[in-house]
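**Student:** Dropping the structure in here first, questions after.
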Amino acid sequence: MGDWTGVLHLNAEDRKGKTVAKNVYFQGAFKVMRPVYHDDSGRACYYLLNPGGGYLDGDRYQMKINLAENAKLTLTTQGATKVYKTPKQYAYQESEIILQAGSYLEYFPDPLIAYQNAHFKQKNVIRMDSTATLLYSDIITPGWSPEGEHFSYKTVQLLNEIYVDGELVVYDHLKLKPSVQKIGGLGFMEGFTHLGSMFIVDRQMNSSFLDHLYSLLDQNTSDYKVGLSLLPVPGFTARVFGNSTQVIEQIFSEIHRNICQEWFQTKQYSLRKY
Amino acid sequence: MVIVMNDKILALFQLCDSNFPTGAFSHSYGLESYIQENTVHNLESFSQWLQVYIHEQLIYADGLAARLTYQALDEEDFEKVWKIDRLLTVQNLPRETREGSMRMGERMLELVQTLYEIPALSSYRKRISAKQSFGHPAIVFTIVAHYLGVSKSTAVLFYLYSVVSSIVQNAVRGIPLGQTAGQKVIRDVQSVLIEASHVIEQLNEEDFGIVSPGIELSQMRHERVNIRIFMS
């Protein structure tokens, strides 16, 4: 299993209110830039890079993130994750994220674009302390083909496991196979093209905050459709259908802004990539 | 031998009967959201919804869980059964359907305990009381089927039938459909269920918990349906 196309290990810790890297190790087609401190909160922001520009046949990526007590980190990518056609072997990425007591992670990767005949599998395992905070989102686009045809990829499979204090509390498994599923139809994308998912785990979550978010987001519009629900631990999940990445990003940004304001009394900052 | 087999089948029938009070009559598994949006409004659209629900959600969650539970019971691997209970619960992201399954599982368990003495069920109940396990009808049903000595494939198939027949009853009330139309769906769905049970037999553990995003989203959105006849 040691045969990775790219490996990234990042251990971060809190030093007098500032989060700094204790160890950073990367190899092959995976890189991380020097951290950026967007404000004076001490939270470090890391941008992930894929110098190869995309995932190819049989590529395998591994990421391990460990936040020590009270470390605060934002993790994002510098652009969309592109998976090119995979004629022989699917492309794979696995991540293991450990969040120790009082730590805080925002992990907002850019959307996934699977090209014609691409097969991609991703597995995220998050192990967190019940006093830690997790904010995670992902977006699946309809992919790309030379003819502009939607859903021409073979398979996109995303698995998220979240453990709190050692117990599995979220098991999220999506497997989209447009060639065998009626992907646009009832039960699947229902006429929409983009699917966003968000997972938030934090002790401050309660049902009135969910009501508040619903009242902000659940508008009578045909541009998007949003579902929100409480997890079995303090936290919630959001699923959003839309017809563009921007629409879903705006919704996630609105949720994020409210969390920053209500729970942490911080101001949301832009990740300014472009 | 034939008579013995019939005994077991008859005993399992009791659990599949829509009169068996588990509370399934109050859960629509997101169907009510579709009814309110008028996406499901007649026999054809309901049948289409039901096919997607069976093939894209039921087989990967409850169906595969029933099969894996049966195998674990064969191996007396109870830790595995409790693990499946947790997986089944935490993969159910919409709160209403998750909590609904827990409530149904617990009710079914209490009821079955008055009918049979099954050690695995007693352990399950203790774990649920101690909040170590959640409770799920697929697991209770499979424990009973295994105890009765019904084969694995029959246990899975009957469980699927019990879920689907109560959904059809709910659709008859909720859409509404005529009773005759409901019975037609139940007849037509039988071949679908047999096919589904074959698919379940071929699945790997790694296939567990795959959801169809639309059905899941409608299950989440059901929380916001104001005027409702179903709890999920």
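Ligands are numbered from 1 in the order shown, residues from 1 within each chain, and chains are lettered A, B, ... in the order they appear in the structure tokens.
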Mind running range 50-86 of chain B against range 102-114 of chain B at 12 Å and telling me each contacting residue's nearest atom pair with the distance in Å (one decimal), counting only C-alpha atoms, chain and number ascending, as a tab-separated table?
**Tutor:**
```
residue	atom	partner	partner_atom	distance
B:Asp62	CA	B:Gly105	CA	11.9
B:Asp85	CA	B:Met102	CA	9.8
B:Arg86	CA	B:Met102	CA	10.7
```
**Student:** Take the selection from the previous step and output its residues with N, CA and C atoms, as an mmCIF file, in the first residue's frame.
**Tutor:**
```
data_model
loop_
_atom_site.group_PDB
_atom_site.id
_atom_site.type_symbol
_atom_site.label_atom_id
_atom_site.label_comp_id
_atom_site.auth_asym_id
_atom_site.auth_seq_id
_atom_site.Cartn_x
_atom_site.Cartn_y
_atom_site.Cartn_z
ATOM 1 N N ASP B 62 -30.593 -1.225 4.833
ATOM 2 C CA ASP B 62 -31.308 -2.294 5.547
ATOM 3 C C ASP B 62 -31.042 -3.685 4.967
ATOM 4 N N ASP B 85 -25.463 -2.307 13.774
ATOM 5 C CA ASP B 85 -26.491 -1.432 14.352
ATOM 6 C C ASP B 85 -26.027 0.030 14.301
ATOM 7 N N ARG B 86 -24.782 0.257 14.675
ATOM 8 C CA ARG B 86 -24.256 1.625 14.668
ATOM 9 C C ARG B 86 -24.131 2.166 13.241
#
```
**Student:** Using DSSP on the backbone coordinates, identify all residues within range 69-207 of chain A classified as strand (DSSP E or B); present the result as a ChimeraX atom specification.
**Tutor:** /A:72-77,81-83,91-99,104-108,112-115,119-128,133-140,144,155-164,167-176,194-201
**Student:** What are the residues of chain B lining chain A at 9 Å or less? Count only C-alpha atoms, and put the answer as a PyMOL selection string.
**Tutor:** chain B and resi 39+48-49+52-53+56+86-96+98+207-224
**Student:** Can you list every residue in range 89-188 of chain B that DSSP puts in helix (DSSP H, G or I), as a PyMOL selection string?
**Tutor:** chain B and resi 89-90+95-115+119-129+137-148+152-174+179-188
**Student:** Find the residues near His41 in chain B: any atom within 7 Å, counting only C-alpha atoms, skip ones fewer than 5 places away on the same chain, and give them as a VMD selection string.
**Tutor:** chain B and resid 35 46 175
**Student:** From the set B:Ser47, B:Ser26, B:Ser232, B:Thr154, which residue has the shortest atom-to-atom contact distance to Ile9 in chain B, counting only C-alpha atoms?
**Tutor:**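 Checking each of B:Ser47, B:Ser26, B:Ser232, B:Thr154 against Ile9 in chain B, counting only C-alpha atoms, the winner is B:Thr154.
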**Student:** For His194 in chain A, find every residue with an atom within 9 Å (counting only C-alpha atoms), except residues of its own chain fewer than 2 positions away, and show them as a PyMOL selection string.
**Tutor:** chain A and resi 139-142+189+192+196+240-245+248
**Student:** Could the residues in this selection be saved with N, CA, C and O atoms as an mmCIF file, in the first residue's frame?
**Tutor:**
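Result file follows (result25.cif):
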```
data_model
loop_
_atom_site.group_PDB
_atom_site.id
_atom_site.type_symbol
_atom_site.label_atom_id
_atom_site.label_comp_id
_atom_site.auth_asym_id
_atom_site.auth_seq_id
_atom_site.Cartn_x
_atom_site.Cartn_y
_atom_site.Cartn_z
ATOM 1 N N ILE A 139 -18.024 19.541 -3.091
ATOM 2 C CA ILE A 139 -18.969 19.785 -4.190
ATOM 3 C C ILE A 139 -18.607 18.876 -5.362
ATOM 4 O O ILE A 139 -17.445 18.810 -5.766
ATOM 5 N N ILE A 140 -19.604 18.169 -5.863
ATOM 6 C CA ILE A 140 -19.396 17.328 -7.053
ATOM 7 C C ILE A 140 -20.059 18.016 -8.242
ATOM 8 O O ILE A 140 -21.248 18.314 -8.205
ATOM 9 N N THR A 141 -19.275 18.291 -9.271
ATOM 10 C CA THR A 141 -19.816 18.915 -10.485
ATOM 11 C C THR A 141 -20.243 17.805 -11.459
ATOM 12 O O THR A 141 -19.913 16.637 -11.249
ATOM 13 N N PRO A 142 -20.963 18.172 -12.533
ATOM 14 C CA PRO A 142 -21.354 17.122 -13.491
ATOM 15 C C PRO A 142 -20.194 16.649 -14.360
ATOM 16 O O PRO A 142 -20.388 15.822 -15.244
ATOM 17 N N MET A 189 -30.272 13.319 -9.016
ATOM 18 C CA MET A 189 -30.004 14.758 -9.020
ATOM 19 C C MET A 189 -31.277 15.570 -9.301
ATOM 20 O O MET A 189 -31.263 16.790 -9.184
ATOM 21 N N PHE A 192 -31.042 18.732 -11.281
ATOM 22 C CA PHE A 192 -29.908 19.615 -10.979
ATOM 23 C C PHE A 192 -28.604 18.976 -11.473
ATOM 24 O O PHE A 192 -28.571 17.792 -11.822
ATOM 25 N N GLY A 196 -23.679 19.463 -3.431
ATOM 26 C CA GLY A 196 -22.774 19.876 -2.358
ATOM 27 C C GLY A 196 -23.131 19.183 -1.055
ATOM 28 O O GLY A 196 -24.308 18.926 -0.789
ATOM 29 N N VAL A 240 -26.920 20.028 -0.748
ATOM 30 C CA VAL A 240 -27.458 21.072 -1.623
ATOM 31 C C VAL A 240 -27.388 20.631 -3.076
ATOM 32 O O VAL A 240 -26.340 20.191 -3.555
ATOM 33 N N PHE A 241 -28.502 20.763 -3.762
ATOM 34 C CA PHE A 241 -28.532 20.617 -5.213
ATOM 35 C C PHE A 241 -28.499 22.008 -5.827
ATOM 36 O O PHE A 241 -29.180 22.909 -5.330
ATOM 37 N N GLY A 242 -27.737 22.172 -6.906
ATOM 38 C CA GLY A 242 -27.740 23.451 -7.614
ATOM 39 C C GLY A 242 -27.326 23.222 -9.048
ATOM 40 O O GLY A 242 -27.045 22.085 -9.451
ATOM 41 N N ASN A 243 -27.279 24.316 -9.817
ATOM 42 C CA ASN A 243 -26.857 24.186 -11.208
ATOM 43 C C ASN A 243 -25.518 24.841 -11.488
ATOM 44 O O ASN A 243 -25.110 24.969 -12.634
ATOM 45 N N SER A 244 -24.851 25.288 -10.440
ATOM 46 C CA SER A 244 -23.496 25.796 -10.613
ATOM 47 C C SER A 244 -22.753 25.673 -9.287
ATOM 48 O O SER A 244 -23.371 25.616 -8.224
ATOM 49 N N THR A 245 -21.422 25.639 -9.389
ATOM 50 C CA THR A 245 -20.585 25.606 -8.204
ATOM 51 C C THR A 245 -20.830 26.838 -7.353
ATOM 52 O O THR A 245 -20.925 26.762 -6.125
ATOM 53 N N ILE A 248 -23.838 26.835 -4.919
ATOM 54 C CA ILE A 248 -23.624 25.996 -3.732
ATOM 55 C C ILE A 248 -22.593 26.645 -2.807
ATOM 56 O O ILE A 248 -22.772 26.677 -1.590
#
```
**Student:** Work out how far CA of Phe26 in chain A is from CA of Gly53 in chain A, in Å to one decimal.
**Tutor:**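 CA of Phe26 in chain A lies 16.2 Å from CA of Gly53 in chain A.
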**Student:** I'd like the interatomic distance between CA of Asp57 in chain A and CA of His119 in chain A, to a tenth of an Å.
**Tutor:**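 It comes out at 8.6 Å.
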**Student:** Skipping near chain neighbours, those fewer than 2 positions away, what residues fall within 9 Å of Glu32 in chain B using only C-alpha atoms, listed as a compact mmCIF listing (two decimals) with all heavy atoms, in the first residue's frame?
**Tutor:**
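Now in out10.txt:
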```txt
# COMPACT_ATOMS: atom_id res chain seq x y z
N HIS B 27 -44.38 6.24 9.00
CA HIS B 27 -43.16 6.71 8.35
C HIS B 27 -43.23 6.57 6.83
O HIS B 27 -43.58 5.53 6.32
CB HIS B 27 -41.94 5.94 8.88
CG HIS B 27 -41.68 6.28 10.32
ND1 HIS B 27 -41.02 7.42 10.70
CD2 HIS B 27 -42.05 5.64 11.45
CE1 HIS B 27 -40.98 7.47 12.01
NE2 HIS B 27 -41.60 6.41 12.51
N SER B 28 -42.86 7.67 6.14
CA SER B 28 -42.94 7.63 4.67
C SER B 28 -41.55 7.62 4.03
O SER B 28 -41.44 7.53 2.83
CB SER B 28 -43.74 8.83 4.16
OG SER B 28 -42.91 9.97 3.99
N TYR B 29 -40.49 7.74 4.82
CA TYR B 29 -39.11 7.72 4.32
C TYR B 29 -38.90 8.77 3.22
O TYR B 29 -38.27 8.50 2.21
CB TYR B 29 -38.74 6.33 3.79
CG TYR B 29 -39.00 5.22 4.76
CD1 TYR B 29 -40.21 4.52 4.74
CD2 TYR B 29 -38.05 4.88 5.73
CE1 TYR B 29 -40.46 3.51 5.66
CE2 TYR B 29 -38.30 3.86 6.65
CZ TYR B 29 -39.49 3.18 6.61
OH TYR B 29 -39.74 2.18 7.51
N GLY B 30 -39.45 9.93 3.43
CA GLY B 30 -39.26 11.02 2.47
C GLY B 30 -40.30 11.07 1.37
O GLY B 30 -40.39 12.05 0.64
N TYR B 34 -42.14 14.27 -1.53
CA TYR B 34 -42.41 14.17 -2.97
C TYR B 34 -43.90 14.36 -3.26
O TYR B 34 -44.28 14.94 -4.26
CB TYR B 34 -41.96 12.82 -3.53
CG TYR B 34 -40.46 12.69 -3.67
CD1 TYR B 34 -39.71 11.99 -2.73
CD2 TYR B 34 -39.80 13.25 -4.76
CE1 TYR B 34 -38.34 11.86 -2.86
CE2 TYR B 34 -38.44 13.12 -4.91
CZ TYR B 34 -37.70 12.42 -3.95
OH TYR B 34 -36.36 12.30 -4.09
N ILE B 35 -44.74 13.84 -2.35
CA ILE B 35 -46.18 13.98 -2.55
C ILE B 35 -46.55 15.46 -2.47
O ILE B 35 -47.29 15.98 -3.30
CB ILE B 35 -46.97 13.16 -1.49
CG1 ILE B 35 -46.70 11.65 -1.70
CG2 ILE B 35 -48.47 13.43 -1.59
CD1 ILE B 35 -47.27 10.75 -0.61
N GLN B 36 -45.97 16.17 -1.49
CA GLN B 36 -46.29 17.58 -1.32
C GLN B 36 -45.79 18.43 -2.48
O GLN B 36 -46.38 19.44 -2.82
CB GLN B 36 -45.70 18.09 -0.01
CG GLN B 36 -46.33 17.39 1.18
CD GLN B 36 -46.86 18.34 2.22
OE1 GLN B 36 -46.51 19.50 2.23
NE2 GLN B 36 -47.71 17.83 3.10
N GLU B 37 -44.67 18.01 -3.07
CA GLU B 37 -44.16 18.76 -4.22
C GLU B 37 -44.84 18.32 -5.51
O GLU B 37 -44.50 18.78 -6.60
CB GLU B 37 -42.64 18.57 -4.35
CG GLU B 37 -41.89 19.35 -3.29
CD GLU B 37 -40.41 19.00 -3.25
OE1 GLU B 37 -39.93 18.27 -4.16
OE2 GLU B 37 -39.73 19.46 -2.32
N VAL B 40 -44.64 12.94 -6.83
CA VAL B 40 -45.30 11.63 -6.76
C VAL B 40 -46.79 11.90 -6.56
O VAL B 40 -47.20 12.51 -5.56
CB VAL B 40 -44.74 10.78 -5.59
CG1 VAL B 40 -45.56 9.51 -5.42
CG2 VAL B 40 -43.27 10.43 -5.85
N ALA B 171 -48.52 4.92 1.08
CA ALA B 171 -48.74 5.63 -0.18
C ALA B 171 -50.23 5.66 -0.51
O ALA B 171 -50.76 6.67 -0.98
CB ALA B 171 -47.96 4.98 -1.31
N GLY B 174 -51.50 8.32 1.66
CA GLY B 174 -50.89 9.64 1.51
C GLY B 174 -51.10 10.29 0.16
O GLY B 174 -51.23 11.52 0.09
N ILE B 175 -51.10 9.52 -0.92
CA ILE B 175 -51.13 10.15 -2.26
C ILE B 175 -52.51 10.74 -2.60
O ILE B 175 -52.55 11.90 -3.04
CB ILE B 175 -50.63 9.15 -3.34
CG1 ILE B 175 -49.15 8.84 -3.11
CG2 ILE B 175 -50.85 9.71 -4.75
CD1 ILE B 175 -48.57 7.78 -4.01
N SER B 218 -34.82 14.65 0.25
CA SER B 218 -36.26 14.77 0.53
C SER B 218 -36.57 14.30 1.94
O SER B 218 -37.49 14.80 2.58
CB SER B 218 -37.06 13.97 -0.49
OG SER B 218 -36.93 12.60 -0.24
N GLN B 219 -35.78 13.35 2.45
CA GLN B 219 -35.97 12.89 3.83
C GLN B 219 -35.57 14.00 4.81
O GLN B 219 -36.20 14.18 5.84
CB GLN B 219 -35.17 11.61 4.09
CG GLN B 219 -35.73 10.40 3.31
CD GLN B 219 -34.83 9.19 3.34
OE1 GLN B 219 -33.65 9.27 3.65
NE2 GLN B 219 -35.39 8.04 2.98
N HIS B 222 -38.20 16.77 4.76
CA HIS B 222 -39.47 16.42 5.39
C HIS B 222 -39.61 17.07 6.76
O HIS B 222 -40.72 17.36 7.22
CB HIS B 222 -39.62 14.90 5.50
CG HIS B 222 -41.00 14.48 5.93
ND1 HIS B 222 -41.33 14.29 7.26
CD2 HIS B 222 -42.13 14.27 5.23
CE1 HIS B 222 -42.61 13.97 7.34
NE2 HIS B 222 -43.12 13.95 6.13
N VAL B 225 -41.77 19.99 6.47
CA VAL B 225 -43.11 19.86 5.94
C VAL B 225 -44.08 20.15 7.09
O VAL B 225 -44.08 19.45 8.09
CB VAL B 225 -43.35 18.44 5.37
CG1 VAL B 225 -44.82 18.24 5.01
CG2 VAL B 225 -42.48 18.21 4.14
N ARG B 228 -48.61 17.47 7.82
CA ARG B 228 -48.09 16.15 7.49
C ARG B 228 -48.92 15.06 8.11
O ARG B 228 -49.55 15.26 9.14
CB ARG B 228 -46.66 16.06 8.01
CG ARG B 228 -46.57 16.61 9.45
CD ARG B 228 -45.36 16.16 10.18
NE ARG B 228 -44.17 16.86 9.78
CZ ARG B 228 -42.96 16.40 10.05
NH1 ARG B 228 -42.80 15.27 10.71
NH2 ARG B 228 -41.89 17.05 9.67
N ILE B 229 -48.92 13.90 7.46
CA ILE B 229 -49.56 12.76 8.11
C ILE B 229 -48.52 11.74 8.56
O ILE B 229 -48.83 10.81 9.27
CB ILE B 229 -50.65 12.10 7.22
CG1 ILE B 229 -50.10 11.66 5.87
CG2 ILE B 229 -51.83 13.04 7.02
CD1 ILE B 229 -51.12 10.91 5.01
N PHE B 230 -47.25 11.92 8.15
CA PHE B 230 -46.21 10.97 8.53
C PHE B 230 -45.12 11.66 9.37
O PHE B 230 -44.89 12.85 9.24
CB PHE B 230 -45.59 10.34 7.29
CG PHE B 230 -46.57 9.58 6.46
CD1 PHE B 230 -46.97 10.05 5.22
CD2 PHE B 230 -47.12 8.39 6.93
CE1 PHE B 230 -47.89 9.35 4.45
CE2 PHE B 230 -48.04 7.68 6.16
CZ PHE B 230 -48.43 8.16 4.92
N SER B 232 -41.95 10.82 9.21
CA SER B 232 -40.72 10.97 8.42
C SER B 232 -41.04 10.90 6.95
O SER B 232 -42.12 10.45 6.59
CB SER B 232 -39.70 9.88 8.76
OG SER B 232 -40.03 8.68 8.11
```
**Student:** Just the number, please: distance in Å from CA of Pro35 in chain A to CA of Val247 in chain A, one decimal.
**Tutor:**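 The value is 28.0 Å.
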**Student:** Using only C-alpha atoms, which protein or nucleic acid residues come within 9 Å of Gln100 in chain A? Drop anything in the same chain fewer than 6 positions from it, and give the result as a list in words.
**Tutor:**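 Here the qualifying residues turn out to be Asn66, Leu67, Ala68, Glu69, Asn70, Ala71, Arg127, Met128, Asp129, Ser130, Thr131 and Ala132 of chain A.
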**Student:** Any chance you could export the current selection's all heavy atoms as a PDB file, in the first residue's frame?
**Tutor:**
```
ATOM      1  N   ASN A  66      -2.918  16.295  11.384  1.00  0.00           N
ATOM      2  CA  ASN A  66      -3.094  16.122  12.817  1.00  0.00           C
ATOM      3  C   ASN A  66      -3.039  17.491  13.494  1.00  0.00           C
ATOM      4  O   ASN A  66      -2.041  18.198  13.387  1.00  0.00           O
ATOM      5  CB  ASN A  66      -1.984  15.201  13.350  1.00  0.00           C
ATOM      6  CG  ASN A  66      -2.228  14.817  14.795  1.00  0.00           C
ATOM      7  OD1 ASN A  66      -2.864  15.553  15.562  1.00  0.00           O
ATOM      8  ND2 ASN A  66      -1.713  13.652  15.177  1.00  0.00           N
ATOM      9  N   LEU A  67      -4.137  17.849  14.143  1.00  0.00           N
ATOM     10  CA  LEU A  67      -4.143  19.113  14.878  1.00  0.00           C
ATOM     11  C   LEU A  67      -4.027  18.811  16.366  1.00  0.00           C
ATOM     12  O   LEU A  67      -4.883  18.137  16.936  1.00  0.00           O
ATOM     13  CB  LEU A  67      -5.430  19.901  14.632  1.00  0.00           C
ATOM     14  CG  LEU A  67      -5.731  20.360  13.202  1.00  0.00           C
ATOM     15  CD1 LEU A  67      -6.845  21.396  13.216  1.00  0.00           C
ATOM     16  CD2 LEU A  67      -4.497  20.935  12.531  1.00  0.00           C
ATOM     17  N   ALA A  68      -2.965  19.316  16.973  1.00  0.00           N
ATOM     18  CA  ALA A  68      -2.782  19.131  18.411  1.00  0.00           C
ATOM     19  C   ALA A  68      -3.745  20.055  19.166  1.00  0.00           C
ATOM     20  O   ALA A  68      -4.438  20.871  18.546  1.00  0.00           O
ATOM     21  CB  ALA A  68      -1.336  19.435  18.781  1.00  0.00           C
ATOM     22  N   GLU A  69      -3.754  19.920  20.487  1.00  0.00           N
ATOM     23  CA  GLU A  69      -4.699  20.691  21.314  1.00  0.00           C
ATOM     24  C   GLU A  69      -4.741  22.166  20.941  1.00  0.00           C
ATOM     25  O   GLU A  69      -3.696  22.817  20.854  1.00  0.00           O
ATOM     26  CB  GLU A  69      -4.309  20.576  22.791  1.00  0.00           C
ATOM     27  CG  GLU A  69      -4.833  19.311  23.414  1.00  0.00           C
ATOM     28  CD  GLU A  69      -4.507  19.230  24.889  1.00  0.00           C
ATOM     29  OE1 GLU A  69      -4.435  20.291  25.533  1.00  0.00           O
ATOM     30  OE2 GLU A  69      -4.330  18.110  25.383  1.00  0.00           O
ATOM     31  N   ASN A  70      -5.955  22.639  20.715  1.00  0.00           N
ATOM     32  CA  ASN A  70      -6.235  24.063  20.456  1.00  0.00           C
ATOM     33  C   ASN A  70      -5.654  24.616  19.151  1.00  0.00           C
ATOM     34  O   ASN A  70      -5.750  25.826  18.911  1.00  0.00           O
ATOM     35  CB  ASN A  70      -5.769  24.940  21.627  1.00  0.00           C
ATOM     36  CG  ASN A  70      -6.453  24.543  22.926  1.00  0.00           C
ATOM     37  OD1 ASN A  70      -7.644  24.228  22.911  1.00  0.00           O
ATOM     38  ND2 ASN A  70      -5.711  24.504  24.012  1.00  0.00           N
ATOM     39  N   ALA A  71      -5.084  23.779  18.325  1.00  0.00           N
ATOM     40  CA  ALA A  71      -4.595  24.268  17.025  1.00  0.00           C
ATOM     41  C   ALA A  71      -5.789  24.625  16.147  1.00  0.00           C
ATOM     42  O   ALA A  71      -6.836  23.984  16.230  1.00  0.00           O
ATOM     43  CB  ALA A  71      -3.736  23.209  16.359  1.00  0.00           C
ATOM     44  N   ARG A 127     -11.073  11.687  12.881  1.00  0.00           N
ATOM     45  CA  ARG A 127     -11.149  11.238  14.280  1.00  0.00           C
ATOM     46  C   ARG A 127     -10.987  12.459  15.161  1.00  0.00           C
ATOM     47  O   ARG A 127      -9.923  13.078  15.188  1.00  0.00           O
ATOM     48  CB  ARG A 127     -10.042  10.225  14.581  1.00  0.00           C
ATOM     49  CG  ARG A 127     -10.139   8.986  13.704  1.00  0.00           C
ATOM     50  CD  ARG A 127      -9.016   7.995  13.983  1.00  0.00           C
ATOM     51  NE  ARG A 127      -9.008   6.959  12.962  1.00  0.00           N
ATOM     52  CZ  ARG A 127      -9.837   5.905  12.971  1.00  0.00           C
ATOM     53  NH1 ARG A 127     -10.677   5.753  13.969  1.00  0.00           N
ATOM     54  NH2 ARG A 127      -9.800   5.026  11.992  1.00  0.00           N
ATOM     55  N   MET A 128     -12.041  12.798  15.864  1.00  0.00           N
ATOM     56  CA  MET A 128     -11.983  14.038  16.627  1.00  0.00           C
ATOM     57  C   MET A 128     -12.377  13.865  18.079  1.00  0.00           C
ATOM     58  O   MET A 128     -13.134  12.973  18.438  1.00  0.00           O
ATOM     59  CB  MET A 128     -12.844  15.114  15.955  1.00  0.00           C
ATOM     60  CG  MET A 128     -14.310  14.762  15.796  1.00  0.00           C
ATOM     61  SD  MET A 128     -15.191  15.972  14.766  1.00  0.00           S
ATOM     62  CE  MET A 128     -15.207  17.392  15.870  1.00  0.00           C
ATOM     63  N   ASP A 129     -11.864  14.755  18.889  1.00  0.00           N
ATOM     64  CA  ASP A 129     -12.260  14.848  20.280  1.00  0.00           C
ATOM     65  C   ASP A 129     -13.603  15.583  20.321  1.00  0.00           C
ATOM     66  O   ASP A 129     -13.870  16.426  19.467  1.00  0.00           O
ATOM     67  CB  ASP A 129     -11.184  15.641  21.033  1.00  0.00           C
ATOM     68  CG  ASP A 129     -11.427  15.641  22.523  1.00  0.00           C
ATOM     69  OD1 ASP A 129     -12.199  16.499  23.017  1.00  0.00           O
ATOM     70  OD2 ASP A 129     -10.861  14.768  23.195  1.00  0.00           O
ATOM     71  N   SER A 130     -14.425  15.285  21.327  1.00  0.00           N
ATOM     72  CA  SER A 130     -15.752  15.924  21.364  1.00  0.00           C
ATOM     73  C   SER A 130     -15.663  17.421  21.634  1.00  0.00           C
ATOM     74  O   SER A 130     -16.642  18.140  21.447  1.00  0.00           O
ATOM     75  CB  SER A 130     -16.637  15.253  22.409  1.00  0.00           C
ATOM     76  OG  SER A 130     -15.994  15.282  23.658  1.00  0.00           O
ATOM     77  N   THR A 131     -14.489  17.921  22.054  1.00  0.00           N
ATOM     78  CA  THR A 131     -14.352  19.360  22.260  1.00  0.00           C
ATOM     79  C   THR A 131     -13.750  20.051  21.035  1.00  0.00           C
ATOM     80  O   THR A 131     -13.552  21.264  21.037  1.00  0.00           O
ATOM     81  CB  THR A 131     -13.440  19.658  23.470  1.00  0.00           C
ATOM     82  OG1 THR A 131     -12.145  19.098  23.196  1.00  0.00           O
ATOM     83  CG2 THR A 131     -13.981  19.046  24.748  1.00  0.00           C
ATOM     84  N   ALA A 132     -13.464  19.301  19.991  1.00  0.00           N
ATOM     85  CA  ALA A 132     -12.902  19.882  18.769  1.00  0.00           C
ATOM     86  C   ALA A 132     -14.034  20.333  17.840  1.00  0.00           C
ATOM     87  O   ALA A 132     -15.198  20.006  18.064  1.00  0.00           O
ATOM     88  CB  ALA A 132     -12.011  18.875  18.064  1.00  0.00           C
TER      89      ALA A 132
END
```
**Student:** Would you mind telling me which residue in B:Gly178, B:Gly149, B:Gly63, B:Gly100 lies nearest to Ile200 in chain B when using only C-alpha atoms?
**Tutor:**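 For Ile200 in chain B, the nearest of the candidates is B:Gly63.
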